[in-house]
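What's in input.txt: compact mmCIF, C-alpha atoms
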```
# COMPACT_ATOMS: atom_id res chain seq x y z
CA MET A 1157 -75.99 -37.80 -27.76
CA ARG A 1158 -74.81 -34.29 -28.72
CA ILE A 1159 -75.08 -33.19 -25.08
CA HIS A 1160 -73.10 -36.26 -24.02
CA TRP A 1161 -70.20 -35.47 -26.37
CA LEU A 1162 -70.22 -31.81 -25.29
CA PHE A 1163 -70.03 -32.90 -21.68
CA LEU A 1164 -67.06 -35.17 -22.42
CA PHE A 1165 -65.28 -32.40 -24.32
CA LEU A 1166 -65.69 -29.93 -21.47
CA CYS A 1167 -64.39 -32.50 -19.00
CA PHE A 1168 -61.36 -33.10 -21.20
CA VAL A 1169 -60.58 -29.38 -21.42
CA LEU A 1170 -61.01 -28.81 -17.71
CA LEU A 1171 -58.93 -31.80 -16.74
CA ASN A 1172 -56.07 -31.00 -19.10
CA ALA A 1173 -55.94 -27.22 -18.67
CA PRO A 1174 -53.78 -27.30 -15.51
CA PHE A 1175 -51.40 -29.76 -17.11
CA GLY A 1176 -51.10 -27.58 -20.17
CA LEU A 1177 -50.42 -24.51 -18.04
CA ALA A 1178 -47.88 -26.39 -15.97
CA GLY A 1179 -46.16 -27.54 -19.11
CA GLU A 1180 -45.95 -23.99 -20.39
CA LEU A 1181 -44.47 -22.79 -17.10
CA ASN A 1182 -41.92 -25.57 -17.15
CA ASN A 1183 -40.89 -24.54 -20.64
CA ARG A 1184 -40.41 -20.97 -19.43
CA ARG A 1185 -38.42 -21.96 -16.32
CA THR A 1186 -35.03 -21.27 -17.84
CA PRO A 1187 -31.72 -21.79 -16.00
CA LEU A 1188 -31.81 -18.08 -15.25
CA VAL A 1189 -35.17 -18.39 -13.46
CA VAL A 1190 -33.94 -21.45 -11.54
CA ALA A 1191 -30.80 -19.57 -10.46
CA VAL A 1192 -32.84 -16.62 -9.19
CA GLU A 1193 -35.21 -18.93 -7.27
CA LYS A 1194 -32.22 -20.70 -5.74
CA VAL A 1195 -30.27 -17.68 -4.59
CA SER A 1196 -32.80 -14.89 -3.92
CA PRO A 1197 -33.68 -16.06 -0.39
CA ALA A 1198 -30.03 -15.62 0.63
CA VAL A 1199 -29.70 -12.06 -0.73
CA VAL A 1200 -30.25 -9.39 1.91
CA ASN A 1201 -30.93 -5.68 1.91
CA ILE A 1202 -28.71 -3.72 4.28
CA TYR A 1203 -29.83 -0.49 5.93
CA THR A 1204 -27.35 1.46 8.01
CA SER A 1205 -27.47 4.67 9.96
CA GLU A 1206 -24.67 6.79 11.32
CA THR A 1207 -24.43 9.68 13.71
CA GLY A 1208 -21.47 11.98 13.40
CA ARG A 1209 -18.96 12.63 10.67
CA PRO A 1210 -19.82 11.98 7.05
CA LEU A 1211 -18.88 8.68 5.51
CA ARG A 1212 -15.78 8.76 3.37
CA ASN A 1213 -14.85 7.27 0.06
CA PRO A 1214 -12.09 4.77 1.02
CA PHE A 1215 -10.45 5.24 -2.36
CA ARG A 1216 -10.36 9.05 -2.22
CA LYS A 1217 -7.10 9.02 -0.27
CA PHE A 1218 -5.45 7.53 -3.35
CA GLY A 1219 -6.60 10.46 -5.47
CA ASN A 1220 -9.39 8.44 -7.06
CA ASN A 1221 -12.93 9.60 -7.70
CA LEU A 1222 -14.11 6.45 -9.47
CA PHE A 1223 -16.49 5.48 -6.67
CA ASP A 1224 -17.65 8.97 -5.72
CA GLN A 1225 -21.03 8.48 -7.39
CA PHE A 1226 -21.70 5.57 -5.04
CA PHE A 1227 -21.07 7.69 -2.01
CA GLN A 1228 -23.12 10.63 -3.28
CA ASP A 1229 -26.09 8.39 -4.01
CA PHE A 1230 -25.72 6.13 -0.97
CA PHE A 1231 -25.52 8.64 1.77
CA SER A 1232 -27.80 11.47 2.78
CA LYS A 1233 -26.39 14.96 3.13
CA ASN A 1234 -27.75 15.13 6.65
CA GLN A 1235 -24.66 14.52 8.76
CA ASN A 1236 -26.57 13.91 11.97
CA ASN A 1237 -28.47 10.81 10.90
CA LYS A 1238 -27.22 9.25 7.72
CA LYS A 1239 -28.95 6.27 6.14
CA SER A 1240 -27.56 4.10 3.41
CA LEU A 1241 -28.79 1.21 1.35
CA GLY A 1242 -26.67 -1.70 0.25
CA SER A 1243 -26.82 -5.40 -0.43
CA GLY A 1244 -25.21 -8.54 0.89
CA VAL A 1245 -25.40 -12.31 0.68
CA LEU A 1246 -25.65 -14.95 3.41
CA ILE A 1247 -22.75 -17.37 2.97
CA ASP A 1248 -23.36 -19.88 5.76
CA LYS A 1249 -26.04 -21.17 8.12
CA GLU A 1250 -24.48 -19.29 11.06
CA GLY A 1251 -25.70 -15.99 9.62
CA HIS A 1252 -22.48 -14.51 8.22
CA ILE A 1253 -23.18 -11.99 5.47
CA LEU A 1254 -20.61 -10.90 2.89
CA THR A 1255 -20.85 -7.31 1.68
CA ASN A 1256 -18.68 -4.28 0.86
CA GLU A 1257 -16.78 -2.42 3.54
CA HIS A 1258 -18.08 0.93 2.34
CA VAL A 1259 -21.67 -0.24 2.87
CA VAL A 1260 -21.17 -0.61 6.63
CA ALA A 1261 -18.31 1.83 7.24
CA ARG A 1262 -18.90 3.95 10.38
CA ALA A 1263 -22.42 2.59 10.75
CA SER A 1264 -23.86 3.02 14.24
CA GLN A 1265 -26.78 0.70 13.46
CA ILE A 1266 -27.19 -2.01 10.84
CA ARG A 1267 -30.50 -3.60 9.85
CA VAL A 1268 -30.81 -6.53 7.48
CA ALA A 1269 -33.97 -7.54 5.60
CA LEU A 1270 -34.48 -10.92 3.96
CA SER A 1271 -36.72 -11.65 1.00
CA ASP A 1272 -39.23 -13.40 3.30
CA LYS A 1273 -39.76 -10.06 5.14
CA ARG A 1274 -37.81 -11.05 8.24
CA GLU A 1275 -35.60 -8.29 9.62
CA PHE A 1276 -32.63 -8.52 11.95
CA GLY A 1277 -30.16 -6.29 13.68
CA ALA A 1278 -26.63 -7.05 12.51
CA ARG A 1279 -23.14 -6.52 13.89
CA VAL A 1280 -19.83 -6.15 12.13
CA ILE A 1281 -17.52 -9.14 12.52
CA GLY A 1282 -14.70 -7.66 10.48
CA ALA A 1283 -14.11 -5.12 7.72
CA ASP A 1284 -11.19 -4.46 5.41
CA ILE A 1285 -10.90 -1.13 3.63
CA LYS A 1286 -8.10 -2.28 1.31
CA SER A 1287 -10.24 -4.99 -0.32
CA ASP A 1288 -13.56 -3.17 0.33
CA LEU A 1289 -15.00 -6.33 1.87
CA ALA A 1290 -16.79 -6.83 5.19
CA ILE A 1291 -18.50 -9.58 7.14
CA ILE A 1292 -21.56 -8.78 9.23
CA LYS A 1293 -23.62 -11.30 11.21
CA ILE A 1294 -27.23 -11.85 12.17
CA ASP A 1295 -28.53 -14.32 14.75
CA SER A 1296 -31.66 -16.41 14.37
CA GLU A 1297 -33.00 -19.58 15.91
CA GLU A 1298 -34.84 -20.23 12.67
CA PHE A 1299 -33.34 -21.49 9.42
CA LEU A 1300 -31.33 -18.95 7.45
CA PRO A 1301 -30.95 -19.54 3.71
CA PHE A 1302 -27.41 -19.20 2.40
CA VAL A 1303 -25.33 -19.60 -0.72
CA PRO A 1304 -21.86 -21.17 -0.40
CA MET A 1305 -19.05 -19.32 -2.11
CA GLY A 1306 -18.34 -20.73 -5.54
CA ARG A 1307 -15.26 -20.30 -7.71
CA SER A 1308 -14.09 -17.67 -10.16
CA ASP A 1309 -10.98 -19.23 -11.68
CA ASP A 1310 -12.94 -20.81 -14.53
CA LEU A 1311 -14.96 -17.79 -15.69
CA MET A 1312 -15.34 -17.19 -19.42
CA ILE A 1313 -15.70 -13.91 -21.26
CA GLY A 1314 -19.19 -13.87 -22.78
CA GLU A 1315 -20.84 -16.21 -20.29
CA GLN A 1316 -24.14 -15.08 -18.85
CA VAL A 1317 -24.26 -13.71 -15.31
CA LEU A 1318 -26.86 -12.10 -13.08
CA ALA A 1319 -26.75 -9.63 -10.23
CA ILE A 1320 -29.25 -9.40 -7.39
CA GLY A 1321 -29.40 -6.40 -5.12
CA ASN A 1322 -31.16 -3.37 -3.75
CA PRO A 1323 -30.64 -0.59 -6.32
CA PHE A 1324 -32.16 2.72 -5.23
CA GLY A 1325 -34.03 0.85 -2.49
CA LEU A 1326 -35.88 -1.44 -4.92
CA ARG A 1327 -35.71 -4.73 -3.08
CA HIS A 1328 -34.38 -7.87 -4.73
CA THR A 1329 -33.93 -6.46 -8.20
CA VAL A 1330 -32.44 -8.92 -10.68
CA THR A 1331 -30.35 -7.79 -13.65
CA THR A 1332 -28.54 -9.93 -16.16
CA GLY A 1333 -25.78 -9.61 -18.71
CA ILE A 1334 -22.48 -11.16 -19.68
CA ILE A 1335 -18.91 -11.10 -18.47
CA SER A 1336 -17.30 -8.38 -20.55
CA ALA A 1337 -13.72 -8.81 -19.34
CA LEU A 1338 -11.65 -10.58 -16.70
CA ASN A 1339 -8.66 -9.48 -14.63
CA ARG A 1340 -9.65 -5.88 -15.20
CA ASN A 1341 -7.45 -3.32 -13.46
CA ILE A 1342 -8.92 0.00 -12.30
CA ARG A 1343 -6.51 2.87 -11.88
CA ALA A 1344 -7.10 4.88 -8.73
CA GLY A 1345 -4.77 7.82 -8.84
CA LYS A 1346 -1.21 7.93 -10.14
CA ASN A 1347 0.29 5.01 -8.25
CA LYS A 1348 -2.66 2.86 -7.23
CA ILE A 1349 -4.38 0.12 -9.21
CA TYR A 1350 -7.09 -2.24 -8.00
CA SER A 1351 -6.56 -5.52 -9.79
CA ASP A 1352 -8.46 -8.55 -10.93
CA PHE A 1353 -12.01 -7.15 -11.15
CA ILE A 1354 -14.67 -8.96 -13.15
CA GLN A 1355 -16.20 -6.51 -15.64
CA VAL A 1356 -19.86 -7.12 -16.49
CA ASP A 1357 -22.53 -5.34 -18.49
CA ALA A 1358 -25.33 -6.31 -16.09
CA SER A 1359 -26.88 -3.16 -14.61
CA ILE A 1360 -25.19 -2.40 -11.29
CA ASN A 1361 -26.56 0.70 -9.63
CA PRO A 1362 -26.17 2.32 -6.21
CA GLY A 1363 -27.61 -0.17 -3.74
CA ASN A 1364 -26.35 -3.21 -5.64
CA SER A 1365 -23.02 -2.74 -3.94
CA GLY A 1366 -22.18 -5.75 -1.79
CA GLY A 1367 -24.68 -7.99 -3.56
CA PRO A 1368 -23.87 -11.25 -5.32
CA LEU A 1369 -22.77 -11.81 -8.88
CA LEU A 1370 -23.90 -15.26 -10.01
CA ASN A 1371 -23.33 -17.53 -12.95
CA ILE A 1372 -26.16 -19.24 -14.80
CA ASN A 1373 -26.07 -22.15 -12.33
CA GLY A 1374 -26.62 -19.84 -9.38
CA SER A 1375 -23.05 -20.16 -8.08
CA LEU A 1376 -21.64 -17.18 -6.22
CA ILE A 1377 -18.74 -15.95 -8.39
CA GLY A 1378 -18.27 -12.36 -7.24
CA ILE A 1379 -19.33 -9.41 -5.10
CA ASN A 1380 -20.68 -6.40 -6.99
CA THR A 1381 -18.67 -3.34 -6.09
CA ALA A 1382 -18.47 -0.41 -8.47
CA ILE A 1383 -19.80 1.38 -11.53
CA TYR A 1384 -18.35 4.04 -13.74
CA GLN A 1385 -20.01 7.40 -13.16
CA LYS A 1386 -20.46 8.35 -16.82
CA ALA A 1387 -20.91 4.97 -18.47
CA GLU A 1388 -23.79 2.57 -18.88
CA GLY A 1389 -23.35 -1.16 -18.95
CA ILE A 1390 -20.01 -1.18 -17.16
CA GLY A 1391 -19.89 -2.68 -13.69
CA PHE A 1392 -17.23 -4.40 -11.63
CA ALA A 1393 -17.22 -7.25 -9.15
CA ILE A 1394 -14.58 -8.69 -6.82
CA PRO A 1395 -13.84 -12.32 -7.85
CA ILE A 1396 -15.00 -14.73 -5.19
CA ASP A 1397 -11.63 -16.51 -5.16
CA ASP A 1398 -10.02 -13.25 -4.01
CA ALA A 1399 -12.80 -12.67 -1.49
CA LYS A 1400 -12.45 -16.14 0.08
CA ARG A 1401 -9.05 -15.36 1.55
CA ILE A 1402 -10.31 -12.09 3.01
CA VAL A 1403 -13.53 -13.65 4.34
CA ASP A 1404 -11.68 -16.38 6.21
CA GLU A 1405 -9.46 -13.78 7.88
CA LEU A 1406 -12.40 -11.54 8.84
CA ILE A 1407 -14.45 -14.37 10.34
CA HIS A 1408 -11.61 -15.89 12.33
CA PHE A 1409 -9.58 -12.82 13.28
CA GLY A 1410 -11.86 -9.81 12.72
CA LYS A 1411 -9.21 -8.27 10.47
CA VAL A 1412 -6.92 -9.21 7.62
CA ARG A 1413 -3.46 -10.34 8.70
CA ARG A 1414 -1.51 -9.16 5.71
CA GLY A 1415 1.94 -10.60 5.29
CA TRP A 1416 4.99 -9.85 3.24
CA LEU A 1417 7.27 -11.46 0.67
CA GLY A 1418 10.45 -9.46 1.10
CA VAL A 1419 11.05 -8.59 -2.54
CA SER A 1420 11.48 -5.20 -4.15
CA VAL A 1421 10.69 -4.97 -7.85
CA GLN A 1422 10.98 -2.49 -10.69
CA GLU A 1423 9.25 -2.29 -14.03
CA MET A 1424 10.81 -3.59 -17.20
CA ASP A 1425 11.64 -0.98 -19.82
CA PRO A 1426 12.72 -1.57 -23.44
CA GLN A 1427 16.40 -1.45 -22.47
CA LEU A 1428 15.98 -4.07 -19.73
CA SER A 1429 13.86 -6.22 -22.05
CA ARG A 1430 16.66 -6.20 -24.63
CA HIS A 1431 19.23 -6.96 -21.93
CA PHE A 1432 17.30 -10.02 -20.80
CA LYS A 1433 16.56 -10.98 -24.43
CA LEU A 1434 12.79 -10.74 -24.10
CA ASP A 1435 10.68 -10.42 -27.24
CA ARG A 1436 8.32 -8.03 -25.50
CA LYS A 1437 7.91 -6.08 -22.28
CA LYS A 1438 6.61 -8.38 -19.58
CA GLY A 1439 7.00 -9.04 -15.90
CA VAL A 1440 8.71 -7.10 -13.12
CA LEU A 1441 12.37 -7.32 -12.23
CA VAL A 1442 13.40 -8.36 -8.72
CA VAL A 1443 15.99 -5.82 -7.58
CA ARG A 1444 16.23 -6.84 -3.95
CA VAL A 1445 15.41 -9.81 -1.73
CA ALA A 1446 15.35 -9.19 2.02
CA GLU A 1447 17.25 -11.41 4.39
CA LYS A 1448 15.07 -13.62 6.60
CA SER A 1449 12.15 -13.09 4.21
CA PRO A 1450 9.72 -15.66 2.75
CA ALA A 1451 11.01 -14.90 -0.76
CA LYS A 1452 14.59 -15.59 0.31
CA ALA A 1453 13.58 -18.84 1.97
CA ALA A 1454 11.67 -19.96 -1.14
CA GLY A 1455 14.62 -19.35 -3.44
CA LEU A 1456 13.83 -16.11 -5.27
CA LYS A 1457 16.90 -14.14 -6.29
CA ARG A 1458 17.88 -10.70 -7.48
CA SER A 1459 17.50 -10.32 -11.28
CA ASP A 1460 14.65 -12.84 -11.41
CA ILE A 1461 11.79 -11.65 -13.62
CA ILE A 1462 8.35 -12.33 -12.14
CA VAL A 1463 6.04 -12.84 -15.12
CA ALA A 1464 2.94 -14.28 -13.41
CA ILE A 1465 1.31 -14.78 -10.02
CA GLU A 1466 -0.93 -17.83 -9.72
CA GLY A 1467 -1.10 -17.97 -13.51
CA HIS A 1468 -2.12 -14.30 -13.90
CA GLU A 1469 0.30 -12.30 -16.02
CA VAL A 1470 2.07 -9.37 -14.37
CA THR A 1471 3.22 -6.49 -16.56
CA ASN A 1472 4.04 -3.67 -14.11
CA LYS A 1473 4.60 -2.80 -10.45
CA SER A 1474 1.01 -1.70 -9.90
CA GLU A 1475 -0.33 -5.05 -11.08
CA PHE A 1476 2.21 -6.81 -8.88
CA ARG A 1477 1.10 -4.84 -5.81
CA GLY A 1478 -2.58 -5.20 -6.64
CA ARG A 1479 -2.39 -8.97 -7.01
CA MET A 1480 -0.43 -9.40 -3.81
CA ALA A 1481 -2.89 -7.26 -1.81
CA SER A 1482 -5.41 -10.09 -1.33
CA TYR A 1483 -2.93 -12.64 -0.01
CA THR A 1484 -2.76 -13.02 3.74
CA VAL A 1485 -0.55 -14.65 6.34
CA ASP A 1486 -0.01 -18.39 5.69
CA ASP A 1487 -1.19 -18.20 2.06
CA ASN A 1488 0.97 -19.99 -0.49
CA VAL A 1489 1.59 -17.96 -3.65
CA ARG A 1490 2.88 -19.50 -6.90
CA PHE A 1491 5.28 -17.32 -8.89
CA SER A 1492 6.28 -17.93 -12.48
CA ILE A 1493 9.71 -16.43 -13.13
CA LEU A 1494 12.40 -16.18 -15.77
CA ARG A 1495 15.97 -16.76 -14.64
CA ASN A 1496 18.80 -16.80 -17.16
CA GLY A 1497 16.31 -17.47 -19.92
CA LYS A 1498 14.73 -20.45 -18.14
CA SER A 1499 11.13 -20.62 -16.91
CA LEU A 1500 10.84 -21.61 -13.26
CA GLU A 1501 8.13 -21.73 -10.61
CA TYR A 1502 8.45 -21.03 -6.90
CA VAL A 1503 5.88 -21.25 -4.15
CA VAL A 1504 6.28 -18.63 -1.43
CA ARG A 1505 4.50 -18.87 1.91
CA VAL A 1506 3.37 -15.42 3.05
CA THR A 1507 4.32 -14.54 6.63
CA SER A 1508 4.27 -11.55 8.93
CA ILE A 1509 7.41 -9.52 9.48
CA PRO A 1510 8.77 -10.99 12.73
CA LYS A 1511 8.64 -8.45 15.55
CA GLN A 1512 12.23 -9.23 16.48
CA TYR A 1513 13.20 -8.30 12.93
CA VAL A 1514 11.53 -4.87 12.88
CA ALA A 1515 14.63 -2.85 13.83
CA GLU A 1516 16.81 -4.75 11.38
CA PHE A 1517 14.15 -4.41 8.68
CA THR A 1518 13.88 -0.66 9.28
CA GLN A 1519 17.61 -0.18 8.88
CA ASN A 1520 18.29 -2.65 6.05
CA TRP A 1521 15.12 -2.10 4.01
CA LEU A 1522 14.30 1.55 4.67
CA GLY A 1523 17.75 2.79 5.61
CA LEU A 1524 16.62 4.31 8.89
CA LYS A 1525 17.48 3.87 12.52
CA VAL A 1526 14.73 5.08 14.85
CA GLN A 1527 13.97 5.32 18.53
CA GLN A 1528 10.93 6.41 20.52
CA ASN A 1529 10.38 10.14 21.00
CA ASN A 1530 10.55 11.58 24.54
CA PRO A 1531 9.63 14.85 26.30
CA ARG A 1532 13.22 16.08 26.39
CA PHE A 1533 13.68 15.71 22.63
CA ALA A 1534 10.26 17.26 22.00
CA ARG A 1535 11.12 20.33 24.13
CA SER A 1536 14.53 20.84 22.56
CA ASN A 1537 13.05 20.65 19.06
CA ARG A 1538 9.95 22.69 19.92
CA LEU A 1539 7.57 19.87 19.11
CA ALA A 1540 3.99 20.06 20.34
CA THR A 1541 4.03 16.38 21.36
CA SER A 1542 6.48 13.71 22.42
CA LYS A 1543 4.74 11.05 20.32
CA GLY A 1544 6.31 9.28 17.37
CA MET A 1545 9.62 7.66 16.40
CA VAL A 1546 12.69 9.87 16.00
CA VAL A 1547 15.06 9.22 13.09
CA MET A 1548 18.55 8.80 14.60
CA ASN A 1549 20.45 7.80 11.47
CA VAL A 1550 19.88 7.65 7.71
CA VAL A 1551 21.90 5.25 5.57
CA PRO A 1552 23.35 7.05 2.51
CA LYS A 1553 21.62 6.23 -0.81
CA SER A 1554 18.93 4.22 1.00
CA ALA A 1555 15.19 4.54 0.38
CA GLY A 1556 14.92 6.94 3.32
CA ASP A 1557 17.85 9.03 2.07
CA ARG A 1558 16.51 9.20 -1.50
CA THR A 1559 13.17 10.41 -0.15
CA GLY A 1560 14.76 13.25 1.82
CA ILE A 1561 14.27 11.99 5.39
CA SER A 1562 16.79 13.55 7.76
CA VAL A 1563 18.12 12.87 11.24
CA GLY A 1564 15.74 14.44 13.76
CA ASP A 1565 12.60 13.88 11.70
CA VAL A 1566 9.76 12.20 13.60
CA ILE A 1567 7.74 9.37 12.02
CA ARG A 1568 4.11 9.75 13.10
CA GLN A 1569 2.37 7.22 10.81
CA VAL A 1570 3.25 4.13 8.82
CA ASN A 1571 0.79 3.94 5.95
CA GLN A 1572 -2.48 4.67 7.77
CA ASP A 1573 -1.37 3.28 11.16
CA ARG A 1574 -0.33 5.57 13.98
CA ALA A 1575 3.21 5.29 15.34
CA ASP A 1576 2.83 7.12 18.66
CA ASN A 1577 5.38 4.89 20.38
CA GLU A 1578 7.70 1.95 19.78
CA GLU A 1579 4.93 -0.60 20.32
CA ASP A 1580 2.69 1.11 17.74
CA TYR A 1581 5.57 1.41 15.29
CA ASN A 1582 6.59 -2.25 15.63
CA LYS A 1583 3.01 -3.35 15.10
CA ALA A 1584 2.58 -1.09 12.06
CA ILE A 1585 5.74 -2.48 10.46
CA ALA A 1586 4.77 -6.07 11.29
CA ASP A 1587 1.35 -5.51 9.69
CA LEU A 1588 2.77 -4.23 6.40
CA ASN A 1589 1.37 -6.23 3.51
CA ASN A 1590 3.69 -4.70 0.93
CA PRO A 1591 6.98 -3.23 2.17
CA ASP A 1592 7.82 -2.60 -1.48
CA ARG A 1593 6.02 0.73 -1.09
CA ILE A 1594 5.51 2.41 2.30
CA MET A 1595 3.93 5.79 3.02
CA LEU A 1596 5.18 7.63 6.11
CA LEU A 1597 3.82 10.73 7.81
CA VAL A 1598 6.95 12.61 8.83
CA GLN A 1599 7.07 15.58 11.19
CA ARG A 1600 9.88 18.10 10.88
CA GLY A 1601 9.60 20.84 13.45
CA ARG A 1602 5.98 21.94 13.39
CA GLN A 1603 5.39 20.80 9.79
CA GLY A 1604 4.12 17.41 8.72
CA TYR A 1605 4.36 15.85 5.27
CA TYR A 1606 3.84 12.48 3.61
CA VAL A 1607 6.64 10.63 1.85
CA THR A 1608 6.58 7.35 -0.03
CA LEU A 1609 9.50 4.97 0.31
CA GLU A 1610 10.19 2.42 -2.41
CA PRO A 1611 13.20 0.34 -1.30
```

Any chance you could give the structure as structure tokens?
Amino acid sequence: MRIHWLFLFLCFVLLNAPFGLAGELNNRRTPLVVAVEKVSPAVVNIYTSETGRPLRNPFRKFGNNLFDQFFQDFFSKNQNNKKSLGSGVLIDKEGHILTNEHVVARASQIRVALSDKREFGARVIGADIKSDLAIIKIDSEEFLPFVPMGRSDDLMIGEQVLAIGNPFGLRHTVTTGIISALNRNIRAGKNKIYSDFIQVDASINPGNSGGPLLNINGSLIGINTAIYQKAEGIGFAIPIDDAKRIVDELIHFGKVRRGWLGVSVQEMDPQLSRHFKLDRKKGVLVVRVAEKSPAKAAGLKRSDIIVAIEGHEVTNKSEFRGRMASYTVDDNVRFSILRNGKSLEYVVRVTSIPKQYVAEFTQNWLGLKVQQNNPRFARSNRLATSKGMVVMNVVPKSAGDRTGISVGDVIRQVNQDRADNEEDYNKAIADLNNPDRIMLLVQRGRQGYYVTLEP
């Protein structure tokens, strides 16, 4: 009898042990674990190599060293065969991968590794240095896991998030934390601010760059981008709502077609705030609206005070420029303004500067009249080249005049775009995303210098 009961007891233990273990595992399968299981297959490790010149920090030209640590840790000092590690996330079944532009910049070869050990060669579909976003693509006849882009307009400070990436080459490392702040602006030099970052305290190290930031449900809410060099627990991610507009442009056009509004703004100071009877400093003041511009067509006027863009408060010119940087051609942008003490809203459709309007824009907005350089002018002015656009007239008290541009100067670049001839110049002007602030490379004799025009 005793043996019989012992036998039954052992059978009971053996039969119920798996169920007990399964129950324990189910209890430990938190939403965080489920999110990692859901998304990890779509997170990729990116390996690039480059032959030639060293990779550059895209933000260094603005006088910013915030991201230098990334570039020092990412890239080998061997200039002949550089290798870098980064992360990315598959966003559709066609094999498009969203990552950072600086991860793939100047790469001669790109390799992508999935969590299931499959590896692919990848090609760049489009990259945008201004947003630091890029789309690369892999091809496979087999199923590719992916994570659709979520939303970031409903994020809450304090909610739990997780980052998955390839820090220091450690594949598919998961870190977790909370959202520390939203709409965080990062100053990059004196006159440049990158706006609308998500700040998190999840560990984001070199190699995480380009990887996904996820909420507790596994939704893709951001792209991990940067860390502070001398701080722990401070990381930044590009909100996915901002990235969506850029991604669509890169996939369909291979570049970002940035448009313009046609407004020039200035910051509010205490005197202006008192004049407009504001209880505090807020918004930017519209000081000029260009003819034939989207802003003019939508109804914006001089002396309007823009206080918010798509519900996000604007307090200075840098924030205004930073928020407008992610909007592209055909986007609709909602502006909240104050006019004569009344709150109004206007929706402006972003467009390109019409090519037939370039000459008129140059004269009315910049105060310059230009024509293509030629060998005769170059010889008479002892110029080494006949490239560029010659300034033929400068309107008194215009943006060009205030900056010191003179008749006979030669414009060689508009922002970072070459202006070797009239076609280049027209294209560079038409591609301006923010004519409120334009940097020109001007040649005077054998000397070249940069000037910034703020109409």

request  = Name the closest residue to Ala1446 (chain A) among the candidates A:Leu1434, A:Leu1500, A:Leu1270, A:Ile1509; distances are taken between atoms, counting only C-alpha atoms.
outcome  = A:Ile1509

message = Residues within 12 Å of (1.5, -11.3, -18.4), file coordinates, counting only C-alpha atoms: what are they? Give the list as a ChimeraX atom specification.
response = /A:1339,1436-1440,1461-1472,1475-1476,1491-1493

Per residue of region 1393-1452 of chain A within 10 Å of region 1359-1369 of chain A, which atom pair is closest and at what distance in Å (one decimal), using only C-alpha atoms, listed by chain and increasing number, as JSON lines?
```
{"residue": "A:Ala1393", "atom": "CA", "partner": "A:Leu1369", "partner_atom": "CA", "distance": 7.2}
{"residue": "A:Ile1394", "atom": "CA", "partner": "A:Leu1369", "partner_atom": "CA", "distance": 9.0}
{"residue": "A:Pro1395", "atom": "CA", "partner": "A:Leu1369", "partner_atom": "CA", "distance": 9.0}
{"residue": "A:Ile1396", "atom": "CA", "partner": "A:Leu1369", "partner_atom": "CA", "distance": 9.1}
```

Based on the selection just made, write C-alpha atoms of those residues as a compact mmCIF listing (two decimals), in the coordinates of the input.
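The result, stored in result_39.txt:
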```txt
# COMPACT_ATOMS: atom_id res chain seq x y z
CA ALA A 1393 -17.22 -7.25 -9.15
CA ILE A 1394 -14.58 -8.69 -6.82
CA PRO A 1395 -13.84 -12.32 -7.85
CA ILE A 1396 -15.00 -14.73 -5.19
```

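Distance-wise, CA of Asn1530 (chain A) and CA of Arg1602 (chain A) end up 15.9 Å apart.
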
task = Would you kindly identify which residues have an atom no farther than 12 Å from (19.6, -6.0, -19.8), using all atoms listed in the file and the file's own coordinates, and write them out as a PyMOL selection string?
result = chain A and resi 1424-1434+1437+1441+1459-1461+1496-1497

key: Polymer residues at most 8 Å from region 1570-1574 of chain A, all atoms listed in the file, same-chain spacing of 6 or more positions, as a ChimeraX atom specification   = /A:1580-1581,1584-1585,1594-1597

Using C-alpha atoms, can you export the residues from the last selection as a PDB file, in the coordinates of the input?
```
ATOM      1  CA  ASP A1580       2.690   1.110  17.740  1.00  0.00           C
ATOM      2  CA  TYR A1581       5.570   1.410  15.290  1.00  0.00           C
ATOM      3  CA  ALA A1584       2.580  -1.090  12.060  1.00  0.00           C
ATOM      4  CA  ILE A1585       5.740  -2.480  10.460  1.00  0.00           C
ATOM      5  CA  ILE A1594       5.510   2.410   2.300  1.00  0.00           C
ATOM      6  CA  MET A1595       3.930   5.790   3.020  1.00  0.00           C
ATOM      7  CA  LEU A1596       5.180   7.630   6.110  1.00  0.00           C
ATOM      8  CA  LEU A1597       3.820  10.730   7.810  1.00  0.00           C
TER       9      LEU A1597
END
```

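We find CA of Ser1499 (chain A) and CA of Glu1447 (chain A) to be spaced 24.0 Å apart.
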
key: Top pick for closest residue to Ala1575 (chain A), considering A:Gly1544, A:Gly1282, A:Gly1455, A:Pro1187 and counting all atoms listed in the file   =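 Looking at the shortest contact to Ala1575 (chain A), the residue is A:Gly1544.
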
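Counting all atoms listed in the file, Ser1243 (chain A) has the following residues at most 10 Å away, ignoring those fewer than 5 positions along the same chain: A:Val1199, A:Val1200, A:Asn1201, A:Ile1202, A:Tyr1203, A:Ile1253, A:Leu1254, A:Thr1255, A:Asn1256, A:Val1259, A:Val1268, A:Ala1269, A:Ile1320, A:Gly1321, A:Asn1322, A:Pro1323, A:Gly1325, A:Arg1327, A:His1328, A:Pro1362, A:Gly1363, A:Asn1364, A:Ser1365, A:Gly1366, A:Gly1367, A:Pro1368, A:Ile1379, A:Asn1380.
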